[in-house]
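Structure file my_file-v4.txt with compact mmCIF, C-alpha atoms (C1' of nucleotides):
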```txt
# COMPACT_ATOMS: atom_id res chain seq x y z
CA THR A 32 -21.88 -12.03 249.94
CA MET A 33 -19.28 -12.33 252.68
CA TYR A 34 -20.68 -15.72 253.68
CA ILE A 35 -20.64 -17.00 250.13
CA THR A 36 -17.12 -15.77 249.55
CA VAL A 37 -15.87 -17.50 252.68
CA ILE A 38 -17.63 -20.73 251.74
CA LEU A 39 -16.29 -20.59 248.20
CA PHE A 40 -12.79 -19.99 249.45
CA LEU A 41 -13.07 -22.89 251.89
CA CYS A 42 -14.50 -25.11 249.20
CA SER A 43 -11.84 -24.43 246.66
CA SER A 44 -9.00 -24.85 249.14
CA VAL A 45 -10.32 -28.07 250.60
CA ILE A 46 -11.27 -29.53 247.27
CA ARG A 47 -7.95 -28.65 245.72
CA LEU A 48 -6.14 -30.12 248.70
CA TYR A 49 -8.14 -33.24 248.22
CA THR A 50 -8.16 -33.70 244.51
CA SER A 51 -4.39 -33.67 244.67
CA HIS A 52 -4.48 -36.84 246.76
CA VAL A 53 -7.77 -38.44 245.95
CA THR A 54 -9.11 -39.05 242.49
CA GLU A 55 -12.54 -40.35 243.22
CA ILE A 56 -15.28 -39.49 245.65
CA SER A 57 -15.79 -43.15 246.38
CA CYS A 58 -12.22 -43.17 247.57
CA ILE A 59 -13.03 -40.52 250.13
CA LYS A 60 -16.07 -42.45 251.26
CA GLY A 61 -13.90 -45.50 251.68
CA CYS A 62 -11.43 -43.62 253.84
CA LEU A 63 -14.05 -42.56 256.30
CA ASN A 64 -14.49 -44.69 259.37
CA PHE A 65 -17.92 -43.36 260.15
CA ASP A 66 -21.25 -43.43 258.43
CA PRO A 67 -21.89 -39.92 257.14
CA SER A 68 -25.64 -40.48 257.07
CA SER A 69 -25.69 -40.99 260.81
CA GLY A 70 -24.02 -37.67 261.58
CA ILE A 71 -20.66 -36.36 262.65
CA PRO A 72 -17.70 -38.50 263.72
CA PRO A 73 -17.14 -39.07 267.43
CA LEU A 74 -15.29 -36.26 269.15
CA TRP A 75 -12.39 -38.37 270.37
CA THR A 76 -11.20 -38.91 266.80
CA SER A 77 -10.19 -35.28 266.58
CA LEU A 78 -8.30 -35.26 269.89
CA PRO A 79 -5.03 -36.90 270.87
CA PRO A 80 -5.66 -39.75 273.35
CA GLU A 81 -3.71 -37.86 276.00
CA HIS A 82 -6.45 -35.26 276.08
CA TRP A 83 -9.40 -37.61 276.24
CA THR A 84 -11.82 -37.34 279.14
CA ARG A 85 -13.29 -40.42 280.81
CA HIS A 86 -16.24 -40.00 278.53
CA HIS A 87 -14.05 -40.02 275.39
CA VAL A 88 -12.28 -43.15 276.62
CA CYS A 89 -15.67 -44.77 277.06
CA ASP A 90 -16.75 -43.74 273.54
CA TRP A 91 -13.53 -45.09 272.13
CA LEU A 92 -14.05 -48.45 273.87
CA GLN A 93 -17.56 -48.61 272.52
CA TYR A 94 -16.31 -47.79 269.04
CA CYS A 95 -13.62 -50.49 269.23
CA CYS A 96 -16.13 -53.08 270.36
CA ASP A 97 -18.42 -52.24 267.46
CA SER A 98 -15.79 -51.88 264.77
CA TYR A 99 -13.44 -54.68 265.69
CA LYS A 100 -16.16 -57.04 266.91
CA LEU A 101 -14.64 -57.30 270.37
CA ASP A 102 -16.74 -59.03 272.96
CA ALA A 103 -17.59 -56.47 275.63
CA ALA A 104 -18.11 -59.28 278.12
CA TYR A 105 -14.34 -59.75 278.35
CA ILE A 106 -13.71 -56.12 279.13
CA SER A 107 -13.57 -54.89 282.69
CA PHE A 108 -14.99 -51.43 282.21
CA SER A 109 -14.01 -50.35 285.72
CA HIS A 110 -10.36 -50.62 284.63
CA PHE A 111 -11.11 -48.17 281.85
CA ASN A 112 -12.86 -45.58 283.98
CA VAL A 113 -9.78 -43.41 283.53
CA LEU A 114 -8.64 -40.20 281.87
CA GLY A 115 -6.85 -40.25 278.52
CA VAL A 116 -3.49 -39.53 280.16
CA GLN A 117 -3.89 -42.51 282.45
CA LEU A 118 -5.01 -44.71 279.56
CA CYS A 119 -1.86 -43.78 277.66
CA SER A 120 0.36 -44.64 280.59
CA MET A 121 -1.13 -48.14 280.83
CA THR A 122 1.19 -50.92 279.69
CA LYS A 123 0.31 -53.85 277.49
CA GLU A 124 0.14 -55.95 280.66
CA ASP A 125 -2.34 -53.51 282.19
CA PHE A 126 -4.54 -53.86 279.12
CA THR A 127 -4.30 -57.64 279.22
CA GLU A 128 -5.29 -57.64 282.87
CA ALA A 129 -8.26 -55.40 282.15
CA ALA A 130 -9.56 -57.12 279.05
CA GLY A 131 -7.63 -60.29 278.31
CA ILE A 132 -7.06 -60.97 274.64
CA CYS A 133 -9.27 -58.01 273.77
CA GLY A 134 -6.97 -55.87 275.86
CA GLN A 135 -4.08 -56.66 273.54
CA HIS A 136 -6.16 -55.58 270.60
CA LEU A 137 -7.21 -52.41 272.35
CA TYR A 138 -3.59 -51.72 273.25
CA SER A 139 -2.42 -51.95 269.66
CA ILE A 140 -5.35 -49.87 268.43
CA LEU A 141 -4.50 -47.17 270.95
CA GLN A 142 -0.81 -47.20 270.05
CA ASP A 143 -1.79 -46.91 266.42
CA ILE A 144 -3.92 -43.87 267.14
CA ARG A 145 -1.13 -42.34 269.21
CA THR A 146 1.50 -42.73 266.51
CA ASN A 147 -0.73 -41.52 263.68
CA GLY A 148 -2.64 -39.22 265.94
CA GLU A 149 -1.84 -35.75 264.66
CA ALA A 150 -2.08 -36.49 260.97
CA GLU A 151 -5.14 -38.65 261.41
CA GLY A 152 -6.90 -35.89 263.30
CA ASP A 153 -6.11 -33.49 260.48
CA THR A 154 -7.22 -35.71 257.63
CA GLU A 155 -10.28 -36.67 259.63
CA PHE A 156 -11.14 -33.01 259.91
CA PHE A 157 -10.75 -32.46 256.19
CA GLU A 158 -12.61 -35.63 255.33
CA CYS A 159 -15.46 -34.44 257.46
CA LEU A 160 -15.39 -31.00 255.89
CA MET A 161 -15.18 -32.54 252.43
CA TRP A 162 -18.22 -34.64 253.13
CA ILE A 163 -20.20 -31.68 254.32
CA LEU A 164 -19.31 -29.85 251.11
CA ILE A 165 -20.28 -32.82 248.96
CA ILE A 166 -23.55 -33.25 250.85
CA LEU A 167 -24.30 -29.57 250.37
CA GLY A 168 -23.55 -30.04 246.68
CA MET A 169 -20.81 -27.45 246.75
CA GLN A 170 -18.20 -29.25 244.73
CA SER A 171 -18.00 -27.11 241.65
CA SER A 172 -17.89 -29.38 238.67
CA HIS A 173 -18.60 -26.82 235.95
CA LEU A 174 -15.81 -25.60 233.76
CA TRP A 175 -16.28 -21.90 234.53
CA GLU A 176 -16.29 -22.64 238.28
CA PHE A 177 -13.13 -24.65 237.85
CA LEU A 178 -11.48 -21.67 236.14
CA ARG A 179 -12.84 -19.23 238.71
CA ASP A 180 -11.58 -21.31 241.63
CA LEU A 181 -8.21 -21.69 239.97
CA LEU A 182 -7.98 -17.91 239.55
CA LEU A 183 -9.14 -17.33 243.11
CA SER A 184 -6.87 -19.84 244.77
CA SER A 185 -3.82 -18.44 246.48
CA GLU A 186 -2.08 -21.60 245.43
CA ASP A 187 0.62 -21.25 242.83
CA THR A 188 -0.95 -22.12 239.51
CA SER A 189 2.48 -21.93 237.87
CA GLY A 190 1.36 -19.17 235.53
CA ILE A 191 -1.20 -21.35 233.81
CA LEU A 192 -4.10 -18.98 234.32
CA ASP A 193 -3.90 -15.35 235.49
CA TRP A 194 -6.07 -12.34 236.11
CA GLU A 195 -5.77 -9.59 233.59
CA ASP A 196 -8.21 -7.37 235.44
CA GLN A 197 -9.98 -9.01 238.34
CA GLU A 198 -12.30 -6.01 238.86
CA GLN A 199 -13.81 -6.64 235.44
CA GLY A 200 -13.42 -10.39 235.57
CA ILE A 201 -10.98 -10.50 232.70
CA PHE A 202 -8.45 -13.31 232.71
CA ARG A 203 -5.86 -14.79 230.44
CA VAL A 204 -4.98 -18.38 229.69
CA VAL A 205 -1.20 -18.51 229.83
CA LYS A 206 -0.45 -22.16 229.24
CA SER A 207 -3.35 -23.45 227.23
CA GLU A 208 -2.43 -27.11 227.02
CA ALA A 209 -1.43 -27.28 230.70
CA LEU A 210 -4.80 -25.82 231.61
CA ALA A 211 -6.54 -28.38 229.43
CA GLN A 212 -4.61 -31.14 231.16
CA MET A 213 -5.75 -29.86 234.56
CA TRP A 214 -9.35 -29.76 233.42
CA GLY A 215 -8.99 -33.21 231.93
CA LYS A 216 -7.62 -34.49 235.20
CA ARG A 217 -10.60 -33.08 237.05
CA LYS A 218 -12.97 -34.78 234.65
CA HIS A 219 -10.92 -38.00 234.42
CA ASN A 220 -10.48 -37.42 230.73
CA ASP A 221 -6.94 -37.64 229.43
CA ARG A 222 -8.07 -36.82 225.88
CA MET A 223 -8.88 -33.22 226.81
CA ASN A 224 -7.00 -30.48 225.00
CA TYR A 225 -7.28 -26.72 224.61
CA GLU A 226 -9.10 -27.06 221.29
CA LYS A 227 -11.98 -28.81 223.04
CA LEU A 228 -11.79 -26.79 226.25
CA SER A 229 -12.06 -23.56 224.29
CA ARG A 230 -15.10 -24.91 222.43
CA ALA A 231 -16.77 -25.46 225.79
CA LEU A 232 -15.85 -21.89 226.76
CA ARG A 233 -17.40 -20.53 223.56
CA HIS A 234 -20.68 -22.21 224.49
CA TYR A 235 -20.68 -19.90 227.52
CA TYR A 236 -21.05 -16.78 225.37
CA LYS A 237 -24.68 -17.50 224.58
CA THR A 238 -25.57 -18.18 228.24
CA GLY A 239 -23.86 -15.07 229.62
CA ILE A 240 -21.44 -16.99 231.76
CA LEU A 241 -18.64 -15.47 229.68
CA GLU A 242 -18.41 -12.39 227.49
CA ARG A 243 -16.30 -12.16 224.41
CA VAL A 244 -12.99 -10.33 224.51
CA ASP A 245 -11.36 -9.93 221.12
CA ARG A 246 -7.93 -10.93 222.23
CA ARG A 247 -6.23 -14.29 221.93
CA LEU A 248 -6.51 -16.49 225.04
CA VAL A 249 -8.37 -13.76 226.94
CA TYR A 250 -11.83 -14.32 228.42
CA LYS A 251 -14.18 -12.37 230.65
CA PHE A 252 -16.77 -13.48 233.18
CA GLY A 253 -20.26 -12.42 232.20
CA LYS A 254 -23.35 -11.36 234.12
CA ASN A 255 -24.48 -14.94 234.74
CA SER A 256 -21.33 -16.02 236.54
CA TYR A 257 -20.56 -15.18 240.13
CA GLY A 258 -18.07 -15.55 242.95
CA TRP A 259 -15.03 -14.19 241.16
CA HIS A 260 -14.94 -10.60 242.56
C1' DC B 374 -37.06 -44.73 230.47
C1' DC B 375 -37.13 -39.89 229.22
C1' DA B 376 -35.38 -35.16 228.81
C1' DA B 377 -32.59 -31.37 229.87
C1' DC B 378 -28.07 -29.81 230.69
C1' DG B 379 -23.30 -29.13 230.21
C1' DT B 380 -20.09 -30.31 228.02
C1' DT B 381 -17.07 -33.39 224.53
C1' DT B 382 -15.87 -34.60 220.02
C1' DC B 383 -15.35 -33.52 215.31
C1' DC B 384 -15.32 -30.44 211.70
C1' DT B 385 -15.07 -26.60 208.21
C1' DG B 386 -13.47 -22.32 207.55
C1' DG B 387 -11.35 -18.01 209.02
C1' DT B 388 -7.70 -15.05 211.75
C1' DT B 389 -3.28 -13.78 214.05
C1' DA C 1099 3.09 -22.78 209.58
C1' DA C 1100 1.43 -23.13 214.22
C1' DA C 1101 -1.85 -21.78 217.36
C1' DC C 1102 -6.23 -19.64 217.93
C1' DC C 1103 -11.15 -18.45 217.20
C1' DA C 1104 -16.20 -19.17 215.53
C1' DG C 1105 -19.90 -22.02 215.67
C1' DG C 1106 -22.80 -26.03 213.66
C1' DA C 1107 -23.93 -30.72 214.51
C1' DA C 1108 -24.17 -34.64 217.04
C1' DA C 1109 -22.62 -37.84 220.73
C1' DC C 1110 -22.22 -38.42 225.65
C1' DG C 1111 -22.63 -38.86 230.76
C1' DT C 1112 -25.02 -37.21 234.65
C1' DT C 1113 -29.02 -35.66 237.02
C1' DG C 1114 -33.82 -34.80 237.97
```

Structure translated into structure tokens:
Amino acid sequence: TMYITVILFLCSSVIRLYTSHVTEISCIKGCLNFDPSSGIPPLWTSLPPEHWTRHHVCDWLQYCCDSYKLDAAYISFSHFNVLGVQLCSMTKEDFTEAAGICGQHLYSILQDIRTNGEAEGDTEFFECLMWILIILGMQSSHLWEFLRDLLLSSEDTSGILDWEDQEQGIFRVVKSEALAQMWGKRKHNDRMNYEKLSRALRHYYKTGILERVDRRLVYKFGKNSYGWH
DNA sequence: CCAACGTTTCCTGGTT
DNA sequence: AAACCAGGAAACGTTG
């Protein structure tokens, strides 16, 4: 239970963080600079260049050669048998001496990483996490999960949806149309409204996902829902 | 291509 | 009167 709760919390936070920036999964795929099917991204991507070991520097060179189609024959690898700190202190001239025209490319790539370093490391981390969640099929796409995650998130939901009694799983829809808009956004459907959302919720009564509460805009999680305690 | 699933859309009629 | 609620019926998109 603890494990599931932690995973659910992580999922909802990461997904919410992401859906606010990215509208489509394909977008996320496009942002990634590594092939998810071949495993995790190289370690150096999550570290600032200043902290790279000789090995990281080597990996980075290899990556640059592959990704930017640089000819390794022009690169004097002995010049790059250095620590990250030393690599960062190298001037553009040093790079040119070590790898000619490729050196200038490498120099600008490195400077780019250094300037965007922190943020890139962060987004990279979340992209990676996001991918893992998608691969594990943990992106909740069902309406009741969407509501549950919204209720569970510490994020300010601007009083759109609130617990009435979390122990019993009773919650209240505060701003019905705003909620419908959020759901519509998630499903890329701008024609969504509370009339239709509530119809979908009423379908849940027969499957035990929700139980009826005879109060306007109040719903209750049923025995076939989980993760809201 | 099929079928099941989870809605989405539309609707009629009733309640607060 | 506006906003909700109850479900039937059928269309729809995704997934297995």

Show me, as JSON lines, the residues of chain C having an atom within 9 Å of chain B, each with the closest atom pair and its distance in Å, using all atoms listed in the file.
```
{"residue": "C:DA1101", "atom": "C1'", "partner": "B:DT389", "partner_atom": "C1'", "distance": 8.8}
{"residue": "C:DC1102", "atom": "C1'", "partner": "B:DT389", "partner_atom": "C1'", "distance": 7.6}
{"residue": "C:DC1103", "atom": "C1'", "partner": "B:DT388", "partner_atom": "C1'", "distance": 7.3}
{"residue": "C:DA1104", "atom": "C1'", "partner": "B:DG387", "partner_atom": "C1'", "distance": 8.2}
{"residue": "C:DG1106", "atom": "C1'", "partner": "B:DC384", "partner_atom": "C1'", "distance": 8.9}
{"residue": "C:DA1108", "atom": "C1'", "partner": "B:DT382", "partner_atom": "C1'", "distance": 8.8}
{"residue": "C:DA1109", "atom": "C1'", "partner": "B:DT382", "partner_atom": "C1'", "distance": 7.5}
{"residue": "C:DC1110", "atom": "C1'", "partner": "B:DT381", "partner_atom": "C1'", "distance": 7.3}
{"residue": "C:DT1112", "atom": "C1'", "partner": "B:DC378", "partner_atom": "C1'", "distance": 8.9}
{"residue": "C:DT1113", "atom": "C1'", "partner": "B:DC378", "partner_atom": "C1'", "distance": 8.7}
{"residue": "C:DG1114", "atom": "C1'", "partner": "B:DA377", "partner_atom": "C1'", "distance": 8.9}
```

Using only C-alpha atoms (C1' of nucleotides), determine which residues of chain A fall within 12 Å of chain C; present them as a list in words.
-> Ser172, Val204, Lys206, Ser207, Glu208, Lys218, Tyr225, Glu226, Lys227, Ser229, Arg230, Ala231, Leu232, Arg233, His234, Tyr236, Lys237, Arg243, Val244, Asp245, Arg246, Arg247, Leu248, Val249 and Tyr250 of chain A

Written selection (C-alpha atoms) as a PDB file, keeping the file's coordinate frame:
```pdb
ATOM      1  CA  SER A 172     -17.890 -29.380 238.670  1.00  0.00           C
ATOM      2  CA  VAL A 204      -4.980 -18.380 229.690  1.00  0.00           C
ATOM      3  CA  LYS A 206      -0.450 -22.160 229.240  1.00  0.00           C
ATOM      4  CA  SER A 207      -3.350 -23.450 227.230  1.00  0.00           C
ATOM      5  CA  GLU A 208      -2.430 -27.110 227.020  1.00  0.00           C
ATOM      6  CA  LYS A 218     -12.970 -34.780 234.650  1.00  0.00           C
ATOM      7  CA  TYR A 225      -7.280 -26.720 224.610  1.00  0.00           C
ATOM      8  CA  GLU A 226      -9.100 -27.060 221.290  1.00  0.00           C
ATOM      9  CA  LYS A 227     -11.980 -28.810 223.040  1.00  0.00           C
ATOM     10  CA  SER A 229     -12.060 -23.560 224.290  1.00  0.00           C
ATOM     11  CA  ARG A 230     -15.100 -24.910 222.430  1.00  0.00           C
ATOM     12  CA  ALA A 231     -16.770 -25.460 225.790  1.00  0.00           C
ATOM     13  CA  LEU A 232     -15.850 -21.890 226.760  1.00  0.00           C
ATOM     14  CA  ARG A 233     -17.400 -20.530 223.560  1.00  0.00           C
ATOM     15  CA  HIS A 234     -20.680 -22.210 224.490  1.00  0.00           C
ATOM     16  CA  TYR A 236     -21.050 -16.780 225.370  1.00  0.00           C
ATOM     17  CA  LYS A 237     -24.680 -17.500 224.580  1.00  0.00           C
ATOM     18  CA  ARG A 243     -16.300 -12.160 224.410  1.00  0.00           C
ATOM     19  CA  VAL A 244     -12.990 -10.330 224.510  1.00  0.00           C
ATOM     20  CA  ASP A 245     -11.360  -9.930 221.120  1.00  0.00           C
ATOM     21  CA  ARG A 246      -7.930 -10.930 222.230  1.00  0.00           C
ATOM     22  CA  ARG A 247      -6.230 -14.290 221.930  1.00  0.00           C
ATOM     23  CA  LEU A 248      -6.510 -16.490 225.040  1.00  0.00           C
ATOM     24  CA  VAL A 249      -8.370 -13.760 226.940  1.00  0.00           C
ATOM     25  CA  TYR A 250     -11.830 -14.320 228.420  1.00  0.00           C
TER      26      TYR A 250
END
```

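Of the residues listed (A:Ala129, A:Leu174, A:Leu192, A:Cys96), A:Leu174 shows the shortest atom-to-atom separation from chain B; distances use all atoms listed in the file.
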
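Going from CA of Trp194 (chain A) over to CA of Arg222 (chain A), you cover 26.6 Å.
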
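The two atoms in question, CA of Val116 (chain A) and CA of Tyr94 (chain A), are spaced 18.9 Å apart.
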
Give me, please, the distance in Å between CA of Phe177 (chain A) and CA of Asn255 (chain A), quoted to one decimal.
->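 Separation between CA of Phe177 (chain A) and CA of Asn255 (chain A): 15.3 Å.
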
Contacts of His86 (chain A) at 9 Å or less, counting all atoms listed in the file, minus same-chain residues fewer than 6 places along, as a ChimeraX atom specification?
-> /A:112-114

Out of A:Asp193, A:Lys216, A:Trp175, A:Cys119, which residue has the shortest atom-to-atom distance to chain B when counting only C-alpha atoms (C1' of nucleotides)?
-> A:Trp175
